[in-house]
>>> print(open('upload-v6.pdb').read())   # PDB, C-alpha atoms and all ligand atoms
ATOM      1  CA  MET A   1      58.216 125.410 -48.686
ATOM      2  CA  ASN A   2      54.455 125.233 -48.226
ATOM      3  CA  ALA A   3      51.972 126.437 -45.648
ATOM      4  CA  ILE A   4      49.393 124.093 -44.202
ATOM      5  CA  VAL A   5      46.393 125.426 -42.282
ATOM      6  CA  SER A   6      42.847 124.765 -41.204
ATOM      7  CA  VAL A   7      40.471 127.733 -41.546
ATOM      8  CA  THR A   8      36.860 128.717 -40.946
ATOM      9  CA  ARG A   9      34.659 130.581 -43.462
ATOM     10  CA  ASP A  10      36.228 133.934 -42.508
ATOM     11  CA  TRP A  11      39.760 132.438 -42.428
ATOM     12  CA  GLY A  12      39.833 132.172 -38.652
ATOM     13  CA  ILE A  13      42.392 129.683 -37.319
ATOM     14  CA  GLY A  14      42.334 129.776 -33.532
ATOM     15  CA  ARG A  15      41.125 131.144 -30.235
ATOM     16  CA  ASN A  16      42.802 131.435 -26.823
ATOM     17  CA  GLY A  17      45.866 129.604 -28.141
ATOM     18  CA  GLY A  18      43.911 126.596 -29.448
ATOM     19  CA  LEU A  19      42.134 125.379 -32.564
ATOM     20  CA  VAL A  20      38.469 126.121 -33.183
ATOM     21  CA  VAL A  21      37.280 123.230 -35.368
ATOM     22  CA  ARG A  22      37.753 119.562 -34.574
ATOM     23  CA  ASN A  23      38.264 117.511 -37.727
ATOM     24  CA  ARG A  24      39.862 114.079 -37.428
ATOM     25  CA  ALA A  25      40.254 113.685 -41.193
ATOM     26  CA  ASP A  26      42.125 116.969 -41.313
ATOM     27  CA  MET A  27      44.431 115.903 -38.493
ATOM     28  CA  ARG A  28      45.216 112.715 -40.399
ATOM     29  CA  PHE A  29      45.810 114.712 -43.592
ATOM     30  CA  PHE A  30      48.156 117.053 -41.706
ATOM     31  CA  ARG A  31      50.085 114.175 -40.199
ATOM     32  CA  GLU A  32      50.468 112.263 -43.451
ATOM     33  CA  THR A  33      51.427 115.342 -45.422
ATOM     34  CA  THR A  34      54.064 116.668 -43.053
ATOM     35  CA  MET A  35      55.502 113.295 -41.964
ATOM     36  CA  GLY A  36      59.224 113.022 -42.667
ATOM     37  CA  GLY A  37      59.618 116.734 -43.391
ATOM     38  CA  THR A  38      60.439 119.882 -41.441
ATOM     39  CA  VAL A  39      57.683 121.725 -39.578
ATOM     40  CA  VAL A  40      58.128 125.381 -38.646
ATOM     41  CA  CYS A  41      55.933 127.030 -35.995
ATOM     42  CA  GLY A  42      55.745 129.786 -33.423
ATOM     43  CA  ARG A  43      56.298 129.210 -29.720
ATOM     44  CA  THR A  44      52.557 129.516 -28.913
ATOM     45  CA  THR A  45      51.585 126.846 -31.423
ATOM     46  CA  PHE A  46      54.404 124.560 -30.282
ATOM     47  CA  GLU A  47      53.258 124.855 -26.680
ATOM     48  CA  SER A  48      49.722 123.868 -27.724
ATOM     49  CA  PHE A  49      50.866 120.410 -28.919
ATOM     50  CA  PRO A  50      49.731 118.032 -26.172
ATOM     51  CA  GLY A  51      52.443 115.506 -27.022
ATOM     52  CA  GLY A  52      55.313 117.982 -27.449
ATOM     53  CA  ALA A  53      57.411 118.017 -30.643
ATOM     54  CA  LEU A  54      55.677 116.404 -33.617
ATOM     55  CA  LYS A  55      57.100 112.933 -34.103
ATOM     56  CA  GLY A  56      58.801 111.847 -37.307
ATOM     57  CA  ARG A  57      59.446 115.426 -38.332
ATOM     58  CA  ARG A  58      62.189 117.977 -37.768
ATOM     59  CA  ASN A  59      60.624 120.650 -35.518
ATOM     60  CA  VAL A  60      61.799 124.272 -35.822
ATOM     61  CA  VAL A  61      60.262 126.714 -33.324
ATOM     62  CA  LEU A  62      60.442 130.512 -33.465
ATOM     63  CA  SER A  63      60.885 132.402 -30.196
ATOM     64  CA  ARG A  64      62.527 135.713 -29.288
ATOM     65  CA  ASN A  65      63.030 134.474 -25.747
ATOM     66  CA  PRO A  66      66.700 133.446 -25.488
ATOM     67  CA  THR A  67      65.967 131.155 -22.548
ATOM     68  CA  PHE A  68      63.117 129.265 -24.254
ATOM     69  CA  MET A  69      63.891 125.571 -24.693
ATOM     70  CA  ALA A  70      61.721 123.084 -26.556
ATOM     71  CA  GLN A  71      62.441 119.409 -26.147
ATOM     72  CA  GLY A  72      62.756 117.645 -29.487
ATOM     73  CA  ALA A  73      62.883 120.939 -31.401
ATOM     74  CA  GLU A  74      65.387 123.486 -32.672
ATOM     75  CA  VAL A  75      64.615 126.983 -31.388
ATOM     76  CA  VAL A  76      65.409 129.934 -33.667
ATOM     77  CA  ALA A  77      65.252 133.637 -32.843
ATOM     78  CA  SER A  78      64.086 135.149 -36.146
ATOM     79  CA  VAL A  79      62.753 134.355 -39.605
ATOM     80  CA  ASP A  80      66.262 134.691 -41.068
ATOM     81  CA  ASP A  81      67.552 132.331 -38.423
ATOM     82  CA  ALA A  82      64.789 129.882 -39.284
ATOM     83  CA  LEU A  83      65.653 129.946 -42.998
ATOM     84  CA  ARG A  84      69.358 129.490 -42.271
ATOM     85  CA  THR A  85      68.616 126.574 -39.955
ATOM     86  CA  ILE A  86      66.223 124.902 -42.374
ATOM     87  CA  TYR A  87      68.422 125.177 -45.415
ATOM     88  CA  GLU A  88      71.908 124.862 -43.966
ATOM     89  CA  ASN A  89      74.010 122.189 -45.615
ATOM     90  CA  GLU A  90      71.242 121.519 -48.116
ATOM     91  CA  ALA A  91      72.073 120.779 -51.702
ATOM     92  CA  PHE A  92      69.507 122.887 -53.520
ATOM     93  CA  GLU A  93      68.531 122.107 -57.086
ATOM     94  CA  GLU A  94      67.539 125.132 -59.106
ATOM     95  CA  PRO A  95      63.908 124.806 -60.184
ATOM     96  CA  THR A  96      63.565 124.411 -63.930
ATOM     97  CA  GLU A  97      60.736 125.658 -66.112
ATOM     98  CA  ALA A  98      59.511 122.078 -66.433
ATOM     99  CA  SER A  99      59.598 121.371 -62.718
ATOM    100  CA  VAL A 100      58.013 124.579 -61.470
ATOM    101  CA  GLY A 101      54.414 124.288 -60.429
ATOM    102  CA  THR A 102      54.097 120.535 -60.245
ATOM    103  CA  CYS A 103      52.031 119.336 -57.312
ATOM    104  CA  PHE A 104      52.027 115.603 -56.821
ATOM    105  CA  ARG A 105      48.925 115.671 -54.647
ATOM    106  CA  CYS A 106      47.070 117.528 -57.392
ATOM    107  CA  ALA A 107      48.274 114.990 -59.951
ATOM    108  CA  GLY A 108      46.699 112.273 -57.826
ATOM    109  CA  GLN A 109      49.974 110.643 -56.878
ATOM    110  CA  SER A 110      50.650 109.371 -53.413
ATOM    111  CA  THR A 111      53.022 111.346 -51.238
ATOM    112  CA  PRO A 112      56.531 110.033 -50.771
ATOM    113  CA  GLU A 113      56.229 111.080 -47.126
ATOM    114  CA  LEU A 114      53.608 108.426 -46.565
ATOM    115  CA  GLU A 115      56.408 105.910 -46.367
ATOM    116  CA  ALA A 116      57.670 105.723 -42.805
ATOM    117  CA  PRO A 117      60.542 108.174 -42.439
ATOM    118  CA  THR A 118      63.834 106.871 -41.189
ATOM    119  CA  GLU A 119      65.889 108.665 -38.573
ATOM    120  CA  ALA A 120      68.278 109.734 -41.302
ATOM    121  CA  SER A 121      65.588 110.994 -43.667
ATOM    122  CA  VAL A 122      63.601 113.189 -41.265
ATOM    123  CA  GLY A 123      63.757 116.851 -42.211
ATOM    124  CA  THR A 124      66.429 116.432 -44.844
ATOM    125  CA  SER A 125      64.561 117.616 -47.917
ATOM    126  CA  THR A 126      64.070 121.294 -48.670
ATOM    127  CA  HIS A 127      60.991 120.284 -50.632
ATOM    128  CA  ASP A 128      59.249 119.122 -47.473
ATOM    129  CA  VAL A 129      59.302 122.249 -45.325
ATOM    130  CA  TRP A 130      55.909 123.034 -43.838
ATOM    131  CA  ILE A 131      54.890 126.311 -42.201
ATOM    132  CA  ILE A 132      52.321 125.155 -39.645
ATOM    133  CA  GLY A 133      51.427 128.408 -37.818
ATOM    134  CA  GLY A 134      50.253 130.223 -35.889
ATOM    135  CA  GLU A 135      49.084 133.530 -37.271
ATOM    136  CA  SER A 136      52.333 135.449 -36.737
ATOM    137  CA  VAL A 137      54.458 132.771 -38.387
ATOM    138  CA  TYR A 138      52.087 132.358 -41.339
ATOM    139  CA  ARG A 139      52.188 136.120 -41.886
ATOM    140  CA  ALA A 140      55.993 136.187 -41.682
ATOM    141  CA  LEU A 141      56.633 133.309 -44.099
ATOM    142  CA  LEU A 142      53.634 133.036 -46.418
ATOM    143  CA  ASP A 143      55.297 135.035 -49.223
ATOM    144  CA  LYS A 144      58.020 132.387 -49.370
ATOM    145  CA  CYS A 145      55.554 129.509 -49.684
ATOM    146  CA  ALA A 146      54.871 128.025 -53.105
ATOM    147  CA  ARG A 147      51.591 126.523 -52.021
ATOM    148  CA  ALA A 148      49.114 126.774 -49.194
ATOM    149  CA  PHE A 149      47.187 123.648 -48.270
ATOM    150  CA  VAL A 150      44.014 124.996 -46.732
ATOM    151  CA  THR A 151      41.357 122.885 -45.090
ATOM    152  CA  TYR A 152      38.397 125.208 -45.527
ATOM    153  CA  HIS A 153      35.511 124.693 -43.071
ATOM    154  CA  ASP A 154      32.097 126.111 -43.896
ATOM    155  CA  THR A 155      31.444 127.479 -40.444
ATOM    156  CA  SER A 156      31.829 130.715 -38.552
ATOM    157  CA  VAL A 157      32.903 130.673 -34.903
ATOM    158  CA  PRO A 158      34.526 133.235 -32.596
ATOM    159  CA  VAL A 159      38.302 133.429 -33.206
ATOM    160  CA  ASP A 160      41.223 135.670 -32.267
ATOM    161  CA  ALA A 161      43.749 134.414 -34.835
ATOM    162  CA  TYR A 162      43.497 134.483 -38.630
ATOM    163  CA  PHE A 163      45.209 133.284 -41.799
ATOM    164  CA  PRO A 164      45.308 135.825 -44.674
ATOM    165  CA  ASN A 165      42.263 135.414 -46.952
ATOM    166  CA  LEU A 166      43.815 133.988 -50.117
ATOM    167  CA  ASP A 167      40.544 134.322 -52.069
ATOM    168  CA  ILE A 168      40.986 138.108 -52.128
ATOM    169  CA  ASP A 169      44.752 138.150 -52.688
ATOM    170  CA  ASP A 170      45.790 138.527 -56.347
ATOM    171  CA  ALA A 171      49.088 136.775 -55.633
ATOM    172  CA  TRP A 172      47.264 133.509 -54.892
ATOM    173  CA  GLU A 173      44.939 131.332 -56.935
ATOM    174  CA  LEU A 174      42.953 128.241 -56.103
ATOM    175  CA  GLU A 175      44.738 125.423 -57.901
ATOM    176  CA  ASP A 176      42.830 122.329 -56.853
ATOM    177  CA  VAL A 177      40.369 120.832 -54.414
ATOM    178  CA  LEU A 178      41.738 117.476 -53.325
ATOM    179  CA  GLY A 179      38.626 116.267 -51.563
ATOM    180  CA  SER A 180      35.792 117.204 -49.258
ATOM    181  CA  GLY A 181      33.722 115.823 -46.417
ATOM    182  CA  THR A 182      31.756 116.593 -43.294
ATOM    183  CA  THR A 183      33.122 116.601 -39.749
ATOM    184  CA  GLU A 184      31.516 114.596 -36.958
ATOM    185  CA  GLN A 185      29.880 117.878 -35.866
ATOM    186  CA  GLY A 186      28.312 118.230 -39.330
ATOM    187  CA  ILE A 187      30.612 120.958 -40.689
ATOM    188  CA  ALA A 188      31.344 120.702 -44.417
ATOM    189  CA  TYR A 189      35.012 121.057 -45.400
ATOM    190  CA  GLU A 190      37.263 121.002 -48.461
ATOM    191  CA  PHE A 191      40.960 120.252 -48.851
ATOM    192  CA  ARG A 192      42.010 123.184 -51.022
ATOM    193  CA  VAL A 193      45.373 123.890 -52.629
ATOM    194  CA  TYR A 194      46.298 127.484 -53.460
ATOM    195  CA  ARG A 195      49.419 128.421 -55.355
ATOM    196  CA  ASN A 196      51.548 131.515 -55.070
ATOM    197  CA  LEU A 197      51.496 133.088 -58.536
ATOM    198  CA  ARG A 198      53.944 135.812 -57.574
ATOM    199  CA  LEU A 199      56.564 133.355 -56.366
ATOM    200  CA  LEU A 200      56.065 130.970 -59.290
ATOM    201  CA  GLY A 201      56.327 133.924 -61.680
ATOM    202  CA  GLU A 202      59.594 135.057 -60.129
ATOM    203  CA  VAL A 203      61.075 131.588 -60.408
ATOM    204  CA  LEU A 204      59.954 131.185 -64.017
ATOM    205  CA  SER A 205      61.393 134.577 -64.989
ATOM    206  CA  ALA A 206      64.698 133.754 -63.345
ATOM    207  CA  ALA A 207      64.780 130.336 -65.060
ATOM    208  CA  ARG A 208      64.071 131.883 -68.489
ATOM    209  CA  LEU A 209      66.857 134.402 -67.988
ATOM    210  CA  GLY A 210      69.198 131.681 -66.768
ATOM    211  CA  LYS A 211      69.673 133.452 -63.447
ATOM    212  CA  PRO A 212      69.642 131.895 -60.008
ATOM    213  CA  PHE A 213      66.416 132.568 -58.143
ATOM    214  CA  GLY A 214      66.585 134.885 -55.095
ATOM    215  CA  ASP A 215      69.848 136.400 -53.970
ATOM    216  CA  GLY A 216      71.813 133.233 -54.612
ATOM    217  CA  THR A 217      71.892 132.081 -51.015
ATOM    218  CA  SER A 218      70.229 128.808 -50.255
ATOM    219  CA  ALA A 219      68.021 130.469 -47.643
ATOM    220  CA  ALA A 220      66.617 132.857 -50.237
ATOM    221  CA  ARG A 221      65.774 130.124 -52.709
ATOM    222  CA  THR A 222      62.322 129.042 -51.751
ATOM    223  CA  ASP A 223      61.590 125.632 -53.225
ATOM    224  CA  VAL A 224      58.714 125.718 -55.608
ATOM    225  CA  VAL A 225      58.837 122.231 -56.895
ATOM    226  CA  GLU A 226      56.985 120.325 -54.282
ATOM    227  CA  THR A 227      53.578 119.329 -53.172
ATOM    228  CA  GLY A 228      51.534 118.627 -50.108
ATOM    229  CA  THR A 229      48.288 119.248 -48.131
ATOM    230  CA  ALA A 230      46.131 120.769 -44.718
ATOM    231  CA  THR A 231      46.444 121.378 -40.676
ATOM    232  CA  GLY A 232      45.418 120.700 -37.156
ATOM    233  CA  GLU A 233      47.489 119.776 -34.207
ATOM    234  CA  SER A 234      46.597 117.211 -31.620
ATOM    235  CA  GLY A 235      48.087 114.324 -29.748
ATOM    236  CA  ASP A 236      48.162 112.300 -32.957
ATOM    237  CA  ALA A 237      49.323 115.153 -35.219
TER     238      ALA A 237
HETATM  239  N1  LIG B 301      44.065 126.383 -37.701
HETATM  240  C1  LIG B 301      45.328 126.091 -37.878
HETATM  241  O1  LIG B 301      45.692 125.433 -38.854
HETATM  242  C2  LIG B 301      46.353 126.576 -36.893
HETATM  243  C3  LIG B 301      47.680 126.185 -37.010
HETATM  244  C4  LIG B 301      48.600 126.668 -36.064
HETATM  245  C5  LIG B 301      48.173 127.523 -35.058
HETATM  246  N2  LIG B 301      46.869 127.884 -35.005
HETATM  247  C6  LIG B 301      46.377 128.776 -33.961
HETATM  248  O2  LIG B 301      47.069 130.028 -34.066
HETATM  249  C7  LIG B 301      47.065 130.632 -32.761
HETATM  250  C8  LIG B 301      48.486 131.051 -32.403
HETATM  251  O3  LIG B 301      48.935 132.056 -33.278
HETATM  252  P1  LIG B 301      49.877 133.226 -32.728
HETATM  253  O4  LIG B 301      50.213 134.154 -33.842
HETATM  254  O5  LIG B 301      49.238 133.798 -31.522
HETATM  255  O6  LIG B 301      51.150 132.425 -32.175
HETATM  256  P2  LIG B 301      52.356 131.664 -32.896
HETATM  257  O7  LIG B 301      52.613 132.265 -34.252
HETATM  258  O8  LIG B 301      52.118 130.203 -32.821
HETATM  259  O9  LIG B 301      53.541 131.971 -31.890
HETATM  260  C9  LIG B 301      53.869 133.315 -31.602
HETATM  261  C10 LIG B 301      55.211 133.339 -30.949
HETATM  262  O10 LIG B 301      56.205 132.843 -31.837
HETATM  263  C11 LIG B 301      57.377 133.602 -31.697
HETATM  264  N3  LIG B 301      57.623 134.346 -32.945
HETATM  265  C12 LIG B 301      56.720 134.701 -33.875
HETATM  266  N4  LIG B 301      57.321 135.371 -34.897
HETATM  267  C13 LIG B 301      58.637 135.417 -34.578
HETATM  268  C14 LIG B 301      59.765 135.973 -35.221
HETATM  269  N5  LIG B 301      59.684 136.607 -36.420
HETATM  270  N6  LIG B 301      60.981 135.849 -34.635
HETATM  271  C15 LIG B 301      61.103 135.185 -33.442
HETATM  272  N7  LIG B 301      60.045 134.644 -32.788
HETATM  273  C16 LIG B 301      58.834 134.770 -33.338
HETATM  274  C17 LIG B 301      57.181 134.504 -30.512
HETATM  275  O11 LIG B 301      57.522 133.722 -29.383
HETATM  276  P3  LIG B 301      58.058 134.355 -27.983
HETATM  277  O12 LIG B 301      56.881 135.022 -27.381
HETATM  278  O13 LIG B 301      58.547 133.161 -27.212
HETATM  279  O14 LIG B 301      59.160 135.316 -28.352
HETATM  280  C18 LIG B 301      55.677 134.730 -30.563
HETATM  281  O15 LIG B 301      55.119 135.146 -29.327
HETATM  282  C19 LIG B 301      46.519 129.588 -31.793
HETATM  283  O16 LIG B 301      45.145 129.858 -31.532
HETATM  284  C20 LIG B 301      46.661 128.301 -32.557
HETATM  285  O17 LIG B 301      45.735 127.306 -32.167
HETATM  286  C21 LIG B 301      45.946 127.415 -35.890
END
>>> encode(input="upload-v6.pdb", output="structure tokens", more="lines below")
Ligand SMILES: NC(=O)c1ccc[n+]([C@@H]2O[C@H](COP(=O)([O-])OP(=O)(O)OC[C@H]3O[C@@H](n4cnc5c(N)ncnc54)[C@H](OP(=O)(O)O)[C@@H]3O)[C@@H](O)[C@H]2O)c1
Amino acid sequence: MNAIVSVTRDWGIGRNGGLVVRNRADMRFFRETTMGGTVVCGRTTFESFPGGALKGRRNVVLSRNPTFMAQGAEVVASVDDALRTIYENEAFEEPTEASVGTCFRCAGQSTPELEAPTEASVGTSTHDVWIIGGESVYRALLDKCARAFVTYHDTSVPVDAYFPNLDIDDAWELEDVLGSGTTEQGIAYEFRVYRNLRLLGEVLSAARLGKPFGDGTSAARTDVVETGTATGESGDA
């Protein structure tokens, strides 16, 4: 699984339940990258989507409220529940030394998700699971993400929600910058890809020793083989 997020200079991600930077290119990037896959978010973020559940994707929403219902989404009560729901009935292929760490976006290839997903294909691949926020859900699941697709905006605005600063975390390194631009408001941004060295290292060690990664359950085996991109939710997300 991967995280996808849009941040400000100090890694701020939101205020009063909403986003703080408007970036149409980033919204398009988010949509294209997550299309056809599974998106995982907290109840607050889900409720901020103006159009409800994100179309063309399997929506998994975390809430501790047993009466919370979300049309078009599966509601789960904990992180463990989320992992079980995401990976249930999935045939998981053990990552190999050769496959670990490949990122098709970084290699300049187009994303398979860009093809219109069919009803049958939506949310069926463990390699297309996207953690899309907010702060509490990023913090709970970031360690299990192979990559973080961060749209980094060179601006500082008041926020009350943050993403962990990956530039000062030894477990993460900047792997690639896929592109850059300027928003309509004149804010410079970059599409950055960070990779989780700790997770990749664990998978490589397990592969070298011929052991299954994690505790052997499908939920514990975070997929490290995939790819992807950055965030922003809106009516056209
Ligand atoms: N910039 C970006 O890319 C981006 C992306 C997404 C969100 N955001 C921003 O992030 C902010 C929201 O972040 P947030 O942390 O306040 O809210 P959140 O993570 O979206 O949702 C929090 C809620 O999710 C549920 N939840 C969280 N962890 C859980 C767990 N382990 N088990 C069960 N339920 C759990 C709880 O719902 P209940 O209260 O129902 O129990 C909790 O109140 C907003 O400002 C939003 O705009 C920014």
>>> closest_atom_pairs(input="upload-v6.pdb", of="chain A", to="ligand LIG 301 (chain B)", cutoff="6 Å", atoms="all atoms listed in the file", output="tab-separated table")
residue	atom	partner	partner_atom	distance
A:Val5	CA	B:LIG301	O1	3.5
A:Ser6	CA	B:LIG301	O1	3.8
A:Val7	CA	B:LIG301	N1	5.4
A:Ile13	CA	B:LIG301	N1	3.7
A:Gly14	CA	B:LIG301	O16	3.5
A:Arg15	CA	B:LIG301	O16	4.4
A:Asn16	CA	B:LIG301	O16	5.5
A:Gly17	CA	B:LIG301	O16	3.5
A:Gly18	CA	B:LIG301	O17	3.4
A:Leu19	CA	B:LIG301	O17	4.1
A:Cys41	CA	B:LIG301	O8	5.9
A:Gly42	CA	B:LIG301	O9	3.5
A:Arg43	CA	B:LIG301	O10	4.2
A:Thr44	CA	B:LIG301	O9	4.0
A:Thr45	CA	B:LIG301	O8	3.7
A:Leu62	CA	B:LIG301	N7	4.2
A:Ser63	CA	B:LIG301	N7	3.5
A:Arg64	CA	B:LIG301	O14	3.5
A:Asn65	CA	B:LIG301	O14	4.7
A:Ala77	CA	B:LIG301	C15	4.5
A:Ser78	CA	B:LIG301	N6	3.5
A:Val79	CA	B:LIG301	N5	5.0
A:Ile132	CA	B:LIG301	C4	5.4
A:Gly133	CA	B:LIG301	C4	3.8
A:Gly134	CA	B:LIG301	O3	3.5
A:Glu135	CA	B:LIG301	O4	3.7
A:Ser136	CA	B:LIG301	O4	3.8
A:Val137	CA	B:LIG301	O7	4.6
A:Ala161	CA	B:LIG301	C7	5.4
A:Thr231	CA	B:LIG301	O1	4.5
A:Gly232	CA	B:LIG301	O1	5.0
>>> closest_residue(input="upload-v6.pdb", among="A:Ala207, A:Val21, A:Ile4, A:Val40", to="His153 (chain A)", atoms="all atoms listed in the file")
A:Val21
>>> closest_residue(input="upload-v6.pdb", among="A:Ala188, A:Val75, A:Leu200, A:Ile86", to="Thr38 (chain A)", atoms="all atoms listed in the file")
A:Ile86
>>> resolve_selection(input="upload-v6.pdb", expression="the PyMOL selection byres (((chain A and resi 167) around 12) and not hetatm)", output="ChimeraX atom specification")
/A:9-11,148,150,152,163-166,168-175,192-196
>>> atom_distance(input="upload-v6.pdb", atom1="CA of Phe149 (chain A)", atom2="CA of Asp176 (chain A)")
9.7 Å
>>> resolve_selection(input="upload-v6.pdb", expression="the PyMOL selection byres (((chain A and resi 184) around 10) and not hetatm)", output="ChimeraX atom specification")
/A:22-25,181-183,185-188
>>> resolve_selection(input="upload-v6.pdb", expression="the PyMOL selection byres (((chain A and resi 199) around 9) and not hetatm)", output="list in words")
Asp143, Lys144, Cys145, Ala146, Ala171, Arg195, Asn196, Leu197, Arg198, Leu200, Gly201, Glu202, Val203, Leu204, Thr222 and Val224 of chain A
>>> atom_distance(input="upload-v6.pdb", atom1="CA of Leu54 (chain A)", atom2="CA of Ser156 (chain A)")
28.2 Å
>>> atom_distance(input="upload-v6.pdb", atom1="CA of Arg28 (chain A)", atom2="CA of Thr8 (chain A)")
18.1 Å
>>> closest_residue(input="upload-v6.pdb", among="A:Ala70, A:Met35, A:Ala140, A:Val129", to="Gly56 (chain A)", atoms="all atoms listed in the file")
A:Met35
